[in-house]
file structure.cif (mmCIF, C-alpha atoms)
data_target
#
loop_
_atom_site.group_PDB
_atom_site.id
_atom_site.type_symbol
_atom_site.label_atom_id
_atom_site.label_comp_id
_atom_site.auth_asym_id
_atom_site.auth_seq_id
_atom_site.Cartn_x
_atom_site.Cartn_y
_atom_site.Cartn_z
ATOM 1 C CA MET K 1 -9.298 5.364 0.708
ATOM 2 C CA ASP K 2 -10.735 8.500 2.306
ATOM 3 C CA PRO K 3 -8.364 11.235 3.578
ATOM 4 C CA GLU K 4 -9.610 10.966 7.187
ATOM 5 C CA THR K 5 -8.637 7.272 7.331
ATOM 6 C CA ILE K 6 -5.181 8.035 5.923
ATOM 7 C CA THR K 7 -4.657 10.948 8.337
ATOM 8 C CA ALA K 8 -5.650 8.711 11.277
ATOM 9 C CA ALA K 9 -3.319 5.941 10.057
ATOM 10 C CA ILE K 10 -0.417 8.398 9.738
ATOM 11 C CA ALA K 11 -1.100 9.729 13.251
ATOM 12 C CA ASN K 12 -1.203 6.227 14.782
ATOM 13 C CA ASN K 13 1.838 4.988 12.876
ATOM 14 C CA VAL K 14 4.062 7.986 13.613
ATOM 15 C CA ARG K 15 3.159 7.750 17.320
ATOM 16 C CA ALA K 16 3.727 3.978 17.392
ATOM 17 C CA GLN K 17 7.026 4.104 15.482
ATOM 18 C CA ARG K 18 8.322 6.934 17.675
ATOM 19 C CA ALA K 19 7.288 5.095 20.866
ATOM 20 C CA HIS K 20 8.869 1.850 19.602
ATOM 21 C CA ARG K 21 12.164 3.710 19.201
ATOM 22 C CA GLN K 22 11.703 5.491 22.554
ATOM 23 C CA MET K 23 12.173 8.855 20.843
ATOM 24 C CA THR K 24 10.836 12.110 22.206
ATOM 25 C CA LEU K 25 9.094 14.597 19.935
ATOM 26 C CA ASP K 26 12.167 16.819 20.205
ATOM 27 C CA GLU K 27 14.471 13.968 19.120
ATOM 28 C CA LEU K 28 12.242 13.168 16.146
ATOM 29 C CA ALA K 29 12.096 16.865 15.230
ATOM 30 C CA ALA K 30 15.898 17.101 15.318
ATOM 31 C CA ARG K 31 16.390 13.920 13.249
ATOM 32 C CA SER K 32 13.689 14.693 10.688
ATOM 33 C CA GLY K 33 14.017 18.445 10.300
ATOM 34 C CA VAL K 34 10.248 18.691 10.854
ATOM 35 C CA SER K 35 9.182 21.143 13.568
ATOM 36 C CA ARG K 36 7.920 19.822 16.898
ATOM 37 C CA GLY K 37 4.657 21.709 16.324
ATOM 38 C CA MET K 38 4.098 19.985 12.975
ATOM 39 C CA LEU K 39 4.886 16.593 14.543
ATOM 40 C CA VAL K 40 2.298 17.231 17.262
ATOM 41 C CA GLN K 41 -0.293 18.076 14.601
ATOM 42 C CA VAL K 42 0.611 14.923 12.624
ATOM 43 C CA GLU K 43 0.454 12.662 15.708
ATOM 44 C CA GLN K 44 -2.906 14.134 16.719
ATOM 45 C CA GLY K 45 -4.323 13.651 13.220
ATOM 46 C CA ARG K 46 -4.952 17.380 12.770
ATOM 47 C CA THR K 47 -3.042 17.690 9.482
ATOM 48 C CA ASN K 48 -2.378 15.723 6.339
ATOM 49 C CA PRO K 49 1.399 16.138 5.817
ATOM 50 C CA SER K 50 2.978 16.686 2.381
ATOM 51 C CA ILE K 51 5.047 13.961 0.699
ATOM 52 C CA ASN K 52 8.280 15.744 1.674
ATOM 53 C CA THR K 53 7.252 16.078 5.335
ATOM 54 C CA LEU K 54 6.095 12.464 5.503
ATOM 55 C CA THR K 55 9.320 11.298 3.809
ATOM 56 C CA ARG K 56 11.460 13.194 6.333
ATOM 57 C CA ILE K 57 9.513 11.687 9.259
ATOM 58 C CA ALA K 58 9.669 8.178 7.780
ATOM 59 C CA ASP K 59 13.407 8.504 7.068
ATOM 60 C CA ALA K 60 14.081 9.681 10.627
ATOM 61 C CA LEU K 61 12.158 6.665 11.958
ATOM 62 C CA GLY K 62 13.847 4.254 9.520
ATOM 63 C CA VAL K 63 10.632 3.124 7.843
ATOM 64 C CA THR K 64 8.932 3.626 4.491
ATOM 65 C CA VAL K 65 6.311 6.202 3.653
ATOM 66 C CA ALA K 66 4.135 3.165 2.905
ATOM 67 C CA ARG K 67 4.519 2.066 6.537
ATOM 68 C CA MET K 68 3.407 5.531 7.679
ATOM 69 C CA VAL K 69 0.141 5.336 5.704
ATOM 70 C CA GLU K 70 -0.507 1.650 6.472
ATOM 71 C CA VAL K 71 -3.992 1.158 7.931
ATOM 72 C CA SER K 72 -3.258 -2.220 9.586
ATOM 73 C CA ASP K 73 -0.458 -4.715 10.153
ATOM 74 C CA THR K 74 1.099 -6.190 7.018
ATOM 75 C CA PRO K 75 0.238 -9.839 6.341
ATOM 76 C CA VAL K 76 2.612 -12.280 4.568
ATOM 77 C CA VAL K 77 0.903 -11.482 1.258
ATOM 78 C CA ARG K 78 -0.751 -8.142 0.793
ATOM 79 C CA VAL K 79 -2.800 -7.234 -2.245
ATOM 80 C CA VAL K 80 -3.409 -3.524 -2.580
ATOM 81 C CA HIS K 81 -6.665 -2.815 -4.367
ATOM 82 C CA PRO K 82 -7.041 0.368 -6.439
ATOM 83 C CA ALA K 83 -9.368 1.882 -3.832
ATOM 84 C CA ASP K 84 -6.644 1.422 -1.176
ATOM 85 C CA VAL K 85 -3.820 3.141 -3.084
ATOM 86 C CA VAL K 86 -2.745 6.335 -1.309
ATOM 87 C CA THR K 87 -2.699 9.355 -3.626
ATOM 88 C CA PHE K 88 -0.874 12.599 -2.898
ATOM 89 C CA ALA K 89 -2.257 15.432 -5.039
ATOM 90 C CA HIS K 90 0.463 17.660 -6.444
ATOM 91 C CA GLY K 91 -0.590 20.882 -8.087
ATOM 92 C CA ARG K 92 -3.797 21.094 -10.081
ATOM 93 C CA ALA K 93 -3.375 18.098 -12.382
ATOM 94 C CA SER K 94 -0.457 16.094 -10.992
ATOM 95 C CA ALA K 95 -0.336 13.294 -8.431
ATOM 96 C CA ALA K 96 1.946 10.710 -6.849
ATOM 97 C CA ARG K 97 0.353 7.360 -6.014
ATOM 98 C CA LEU K 98 2.110 5.134 -3.470
ATOM 99 C CA LEU K 99 1.090 1.731 -4.834
ATOM 100 C CA VAL K 100 2.782 -0.472 -2.229
ATOM 101 C CA GLY K 101 5.759 -0.530 0.100
ATOM 102 C CA THR K 102 7.522 -2.583 2.727
ATOM 103 C CA ASP K 103 10.221 -2.043 5.319
ATOM 104 C CA ALA K 104 11.509 -5.601 5.692
ATOM 105 C CA PRO K 105 14.152 -6.734 4.956
ATOM 106 C CA ALA K 106 14.949 -3.424 3.187
ATOM 107 C CA ILE K 107 12.863 -0.314 2.728
ATOM 108 C CA LEU K 108 11.199 -0.530 -0.686
ATOM 109 C CA GLU K 109 8.417 1.567 -2.263
ATOM 110 C CA LEU K 110 6.612 1.449 -5.609
ATOM 111 C CA TRP K 111 5.199 4.752 -6.903
ATOM 112 C CA ASP K 112 3.100 5.778 -9.924
ATOM 113 C CA TRP K 113 3.693 9.462 -10.762
ATOM 114 C CA ARG K 114 1.792 11.759 -13.112
ATOM 115 C CA LEU K 115 3.013 15.287 -13.791
ATOM 116 C CA ALA K 116 1.104 17.772 -15.927
ATOM 117 C CA PRO K 117 3.038 19.931 -18.425
ATOM 118 C CA GLY K 118 5.079 22.541 -16.551
ATOM 119 C CA ASP K 119 4.776 20.752 -13.182
ATOM 120 C CA HIS K 120 7.699 19.499 -11.122
ATOM 121 C CA HIS K 121 8.398 17.882 -7.753
ATOM 122 C CA ASP K 122 11.491 18.653 -5.682
ATOM 123 C CA GLY K 123 12.561 15.578 -3.714
ATOM 124 C CA ASP K 124 14.547 16.009 -0.532
ATOM 125 C CA ALA K 125 17.753 14.033 -0.057
ATOM 126 C CA HIS K 126 16.980 10.572 1.339
ATOM 127 C CA PRO K 127 19.286 8.742 3.788
ATOM 128 C CA PRO K 128 22.733 7.657 2.509
ATOM 129 C CA GLY K 129 22.582 4.625 0.222
ATOM 130 C CA THR K 130 19.061 5.318 -1.075
ATOM 131 C CA ARG K 131 18.565 4.562 -4.769
ATOM 132 C CA GLU K 132 15.657 5.301 -7.093
ATOM 133 C CA MET K 133 14.884 3.565 -10.385
ATOM 134 C CA LEU K 134 12.147 4.604 -12.707
ATOM 135 C CA THR K 135 10.738 4.016 -16.132
ATOM 136 C CA VAL K 136 8.822 6.560 -18.176
ATOM 137 C CA LEU K 137 5.495 5.214 -19.455
ATOM 138 C CA GLU K 138 4.310 8.359 -21.212
ATOM 139 C CA GLY K 139 5.859 11.730 -22.060
ATOM 140 C CA GLU K 140 9.334 12.932 -21.209
ATOM 141 C CA LEU K 141 10.901 13.285 -17.755
ATOM 142 C CA THR K 142 13.586 15.825 -16.940
ATOM 143 C CA LEU K 143 15.415 14.476 -13.883
ATOM 144 C CA THR K 144 17.791 16.894 -12.182
ATOM 145 C CA VAL K 145 20.328 15.587 -9.660
ATOM 146 C CA TYR K 146 23.061 17.855 -8.271
ATOM 147 C CA GLY K 147 22.198 20.563 -10.791
ATOM 148 C CA ARG K 148 22.642 18.279 -13.811
ATOM 149 C CA SER K 149 19.570 17.482 -15.909
ATOM 150 C CA HIS K 150 18.903 14.185 -17.643
ATOM 151 C CA VAL K 151 16.047 13.697 -20.123
ATOM 152 C CA VAL K 152 14.325 10.293 -20.155
ATOM 153 C CA GLY K 153 11.708 9.570 -22.808
ATOM 154 C CA ALA K 154 8.853 7.060 -22.939
ATOM 155 C CA GLY K 155 10.207 3.511 -22.689
ATOM 156 C CA GLY K 156 13.469 4.735 -21.150
ATOM 157 C CA ALA K 157 14.667 4.083 -17.617
ATOM 158 C CA VAL K 158 17.098 5.607 -15.139
ATOM 159 C CA VAL K 159 18.655 4.715 -11.783
ATOM 160 C CA PHE K 160 20.301 7.256 -9.479
ATOM 161 C CA SER K 161 21.534 7.934 -5.959
ATOM 162 C CA ALA K 162 18.674 9.688 -4.183
ATOM 163 C CA ASP K 163 20.681 10.669 -1.107
ATOM 164 C CA ARG K 164 20.907 14.192 -2.519
ATOM 165 C CA PRO K 165 18.207 16.678 -3.552
ATOM 166 C CA HIS K 166 16.582 15.850 -6.875
ATOM 167 C CA ARG K 167 13.794 17.117 -9.129
ATOM 168 C CA TYR K 168 11.309 15.399 -11.412
ATOM 169 C CA ALA K 169 9.942 17.801 -14.030
ATOM 170 C CA ASN K 170 7.641 17.696 -17.022
ATOM 171 C CA GLU K 171 9.084 20.294 -19.357
ATOM 172 C CA GLY K 172 7.167 18.852 -22.315
ATOM 173 C CA GLU K 173 3.787 19.776 -23.752
ATOM 174 C CA GLY K 174 1.973 16.519 -22.963
ATOM 175 C CA PRO K 175 1.324 14.531 -19.786
ATOM 176 C CA LEU K 176 4.162 12.658 -18.058
ATOM 177 C CA ARG K 177 3.708 9.325 -16.295
ATOM 178 C CA PHE K 178 6.459 7.261 -14.721
ATOM 179 C CA VAL K 179 6.701 4.338 -12.323
ATOM 180 C CA MET K 180 9.397 4.544 -9.671
ATOM 181 C CA VAL K 181 10.962 2.168 -7.159
ATOM 182 C CA VAL K 182 12.733 3.616 -4.107
ATOM 183 C CA THR K 183 15.073 1.368 -2.137
ATOM 184 C CA GLU K 184 16.722 2.417 1.072
ATOM 185 C CA PRO K 185 19.073 0.334 3.245
ATOM 186 C CA ARG K 186 17.707 -0.679 6.648
ATOM 187 C CA GLU K 187 20.888 0.579 8.283
ATOM 188 C CA THR K 188 22.404 3.655 6.741
ATOM 189 C CA PRO K 189 26.200 3.602 6.286
ATOM 190 C CA ASP K 190 26.788 6.435 8.801
ATOM 191 C CA GLN K 191 24.935 4.768 11.689
#

call {"tool": "encode", "arguments": {"input": "structure.cif", "output": "structure tokens"}}
result
Amino acid sequence: MDPETITAAIANNVRAQRAHRQMTLDELAARSGVSRGMLVQVEQGRTNPSINTLTRIADALGVTVARMVEVSDTPVVRVVHPADVVTFAHGRASAARLLVGTDAPAILELWDWRLAPGDHHDGDAHPPGTREMLTVLEGELTLTVYGRSHVVGAGGAVVFSADRPHRYANEGEGPLRFVMVVTEPRETPDQ
């Protein structure tokens, strides 16, 4: 899918989700930690936000990142073809591909990550109750949560509380590929 289509979808979806919740730009800025100016640019389709920015906006609106990049309404069954997978470039040779996601009955996303040797991604804390599970398909992942690192090799899996900052890193010499599921409760415990 071309970047212009994705940028337009993000703009429409952020506007629609904010309007549905009767939130002002200032309220969304306060809840998401994203500046009002950046939100204006996103809603007007003038910028393609980073994964972290999009995640903060989606979390503040109570929807998935997948919902933010959705081009049309979700049917009962939705097949996502390879050409329709949204890819977020990360560094020179790394990328995160959001394969599919839903926000009903719970927020759920399926990601395919590739990190080149030496690359890492710092994930912001998600809302309380958010969990991530992943399996390493190739290479070796160094997952750091609360300053403690855990190494997961090919064929291994891990589950962790993602309601705190975390880092995925490829500290090895070869490519790293992992598939990740993010699940987030519809209602966070502190609401």

call {"tool": "residues_around", "arguments": {"input": "structure.cif", "residues": "Val136 (chain K)", "least_positions_apart": "3", "cutoff": "12 Å", "atoms": "only C-alpha atoms", "output": "VMD selection string"}}
result
chain K and resid 111 to 115 133 139 to 143 151 to 159 168 170 175 to 180

call {"tool": "closest_residue", "arguments": {"input": "structure.cif", "among": "K:Leu98, K:Val14, K:Val145, K:Ala93", "to": "Ala60 (chain K)", "atoms": "all atoms listed in the file"}}
result
K:Val14

call {"tool": "closest_atom_pairs", "arguments": {"input": "structure.cif", "of": "region 48-150 of chain K", "to": "region 16-39 of chain K", "cutoff": "12 Å", "atoms": "all atoms listed in the file", "output": "Markdown table"}}
result
| residue | atom | partner | partner_atom | distance |
| --- | --- | --- | --- | --- |
| K:Asn48 | CA | K:Met38 | CA | 10.2 |
| K:Pro49 | CA | K:Met38 | CA | 8.6 |
| K:Ser50 | CA | K:Met38 | CA | 11.2 |
| K:Asn52 | CA | K:Val34 | CA | 9.8 |
| K:Thr53 | CA | K:Val34 | CA | 6.8 |
| K:Leu54 | CA | K:Val34 | CA | 9.2 |
| K:Thr55 | CA | K:Ser32 | CA | 8.8 |
| K:Arg56 | CA | K:Ser32 | CA | 5.1 |
| K:Ile57 | CA | K:Ser32 | CA | 5.3 |
| K:Ala58 | CA | K:Ser32 | CA | 8.2 |
| K:Asp59 | CA | K:Ser32 | CA | 7.2 |
| K:Ala60 | CA | K:Ser32 | CA | 5.0 |
| K:Leu61 | CA | K:Gln17 | CA | 6.7 |
| K:Gly62 | CA | K:Gln17 | CA | 9.1 |
| K:Val63 | CA | K:Gln17 | CA | 8.5 |
| K:Thr64 | CA | K:Gln17 | CA | 11.2 |
| K:Arg67 | CA | K:Gln17 | CA | 9.5 |
| K:Met68 | CA | K:Gln17 | CA | 8.7 |
| K:Glu70 | CA | K:Ala16 | CA | 11.9 |
| K:Asp124 | CA | K:Gly33 | CA | 11.1 |
| K:Ala125 | CA | K:Ser32 | CA | 11.5 |
| K:His126 | CA | K:Ser32 | CA | 10.7 |
| K:Pro127 | CA | K:Ser32 | CA | 10.7 |

call {"tool": "resolve_selection", "arguments": {"input": "structure.cif", "expression": "the PyMOL selection byres ((chain K and resi 183) around 8)", "output": "list in words"}}
result
Ala106, Ile107, Leu108, Glu109, Thr130, Arg131, Glu132, Val181, Val182, Glu184 and Pro185 of chain K

call {"tool": "resolve_selection", "arguments": {"input": "structure.cif", "expression": "the PyMOL selection byres ((chain K and resi 173) around 8)", "output": "PDB file with C-alpha atoms, in the coordinates of the input"}}
result
ATOM      1  CA  PRO K 117       3.038  19.931 -18.425  1.00  0.00           C
ATOM      2  CA  GLY K 118       5.079  22.541 -16.551  1.00  0.00           C
ATOM      3  CA  GLU K 171       9.084  20.294 -19.357  1.00  0.00           C
ATOM      4  CA  GLY K 172       7.167  18.852 -22.315  1.00  0.00           C
ATOM      5  CA  GLY K 174       1.973  16.519 -22.963  1.00  0.00           C
ATOM      6  CA  PRO K 175       1.324  14.531 -19.786  1.00  0.00           C
TER       7      PRO K 175
END

call {"tool": "residues_around", "arguments": {"input": "structure.cif", "residues": "Arg78 (chain K)", "least_positions_apart": "6", "cutoff": "12 Å", "atoms": "only C-alpha atoms", "output": "list in words"}}
result
Glu70, Ser72, Asp84, Leu99, Val100, Gly101 and Thr102 of chain K

call {"tool": "write_last_selection", "arguments": {"input": "structure.cif", "atoms": "C-alpha atoms", "output": "PDB file, keeping the file's coordinate frame"}}
result
ATOM      1  CA  GLU K  70      -0.507   1.650   6.472  1.00  0.00           C
ATOM      2  CA  SER K  72      -3.258  -2.220   9.586  1.00  0.00           C
ATOM      3  CA  ASP K  84      -6.644   1.422  -1.176  1.00  0.00           C
ATOM      4  CA  LEU K  99       1.090   1.731  -4.834  1.00  0.00           C
ATOM      5  CA  VAL K 100       2.782  -0.472  -2.229  1.00  0.00           C
ATOM      6  CA  GLY K 101       5.759  -0.530   0.100  1.00  0.00           C
ATOM      7  CA  THR K 102       7.522  -2.583   2.727  1.00  0.00           C
TER       8      THR K 102
END

call {"tool": "atom_distance", "arguments": {"input": "structure.cif", "atom1": "CA of Arg167 (chain K)", "atom2": "CA of His120 (chain K)"}}
result
6.8 Å

call {"tool": "atom_distance", "arguments": {"input": "structure.cif", "atom1": "CA of Glu4 (chain K)", "atom2": "CA of Gly123 (chain K)"}}
result
25.1 Å

call {"tool": "closest_residue", "arguments": {"input": "structure.cif", "among": "K:Val65, K:Leu110, K:Ala116, K:Val42", "to": "Val80 (chain K)", "atoms": "all atoms listed in the file"}}
result
K:Leu110

call {"tool": "residues_around", "arguments": {"input": "structure.cif", "residues": "Val69 (chain K)", "least_positions_apart": "4", "cutoff": "8 Å", "atoms": "all atoms listed in the file", "output": "ChimeraX atom specification"}}
result
/K:6-7,9-10,13,65,86

call {"tool": "atom_distance", "arguments": {"input": "structure.cif", "atom1": "CA of Pro165 (chain K)", "atom2": "CA of Arg46 (chain K)"}}
result
28.3 Å
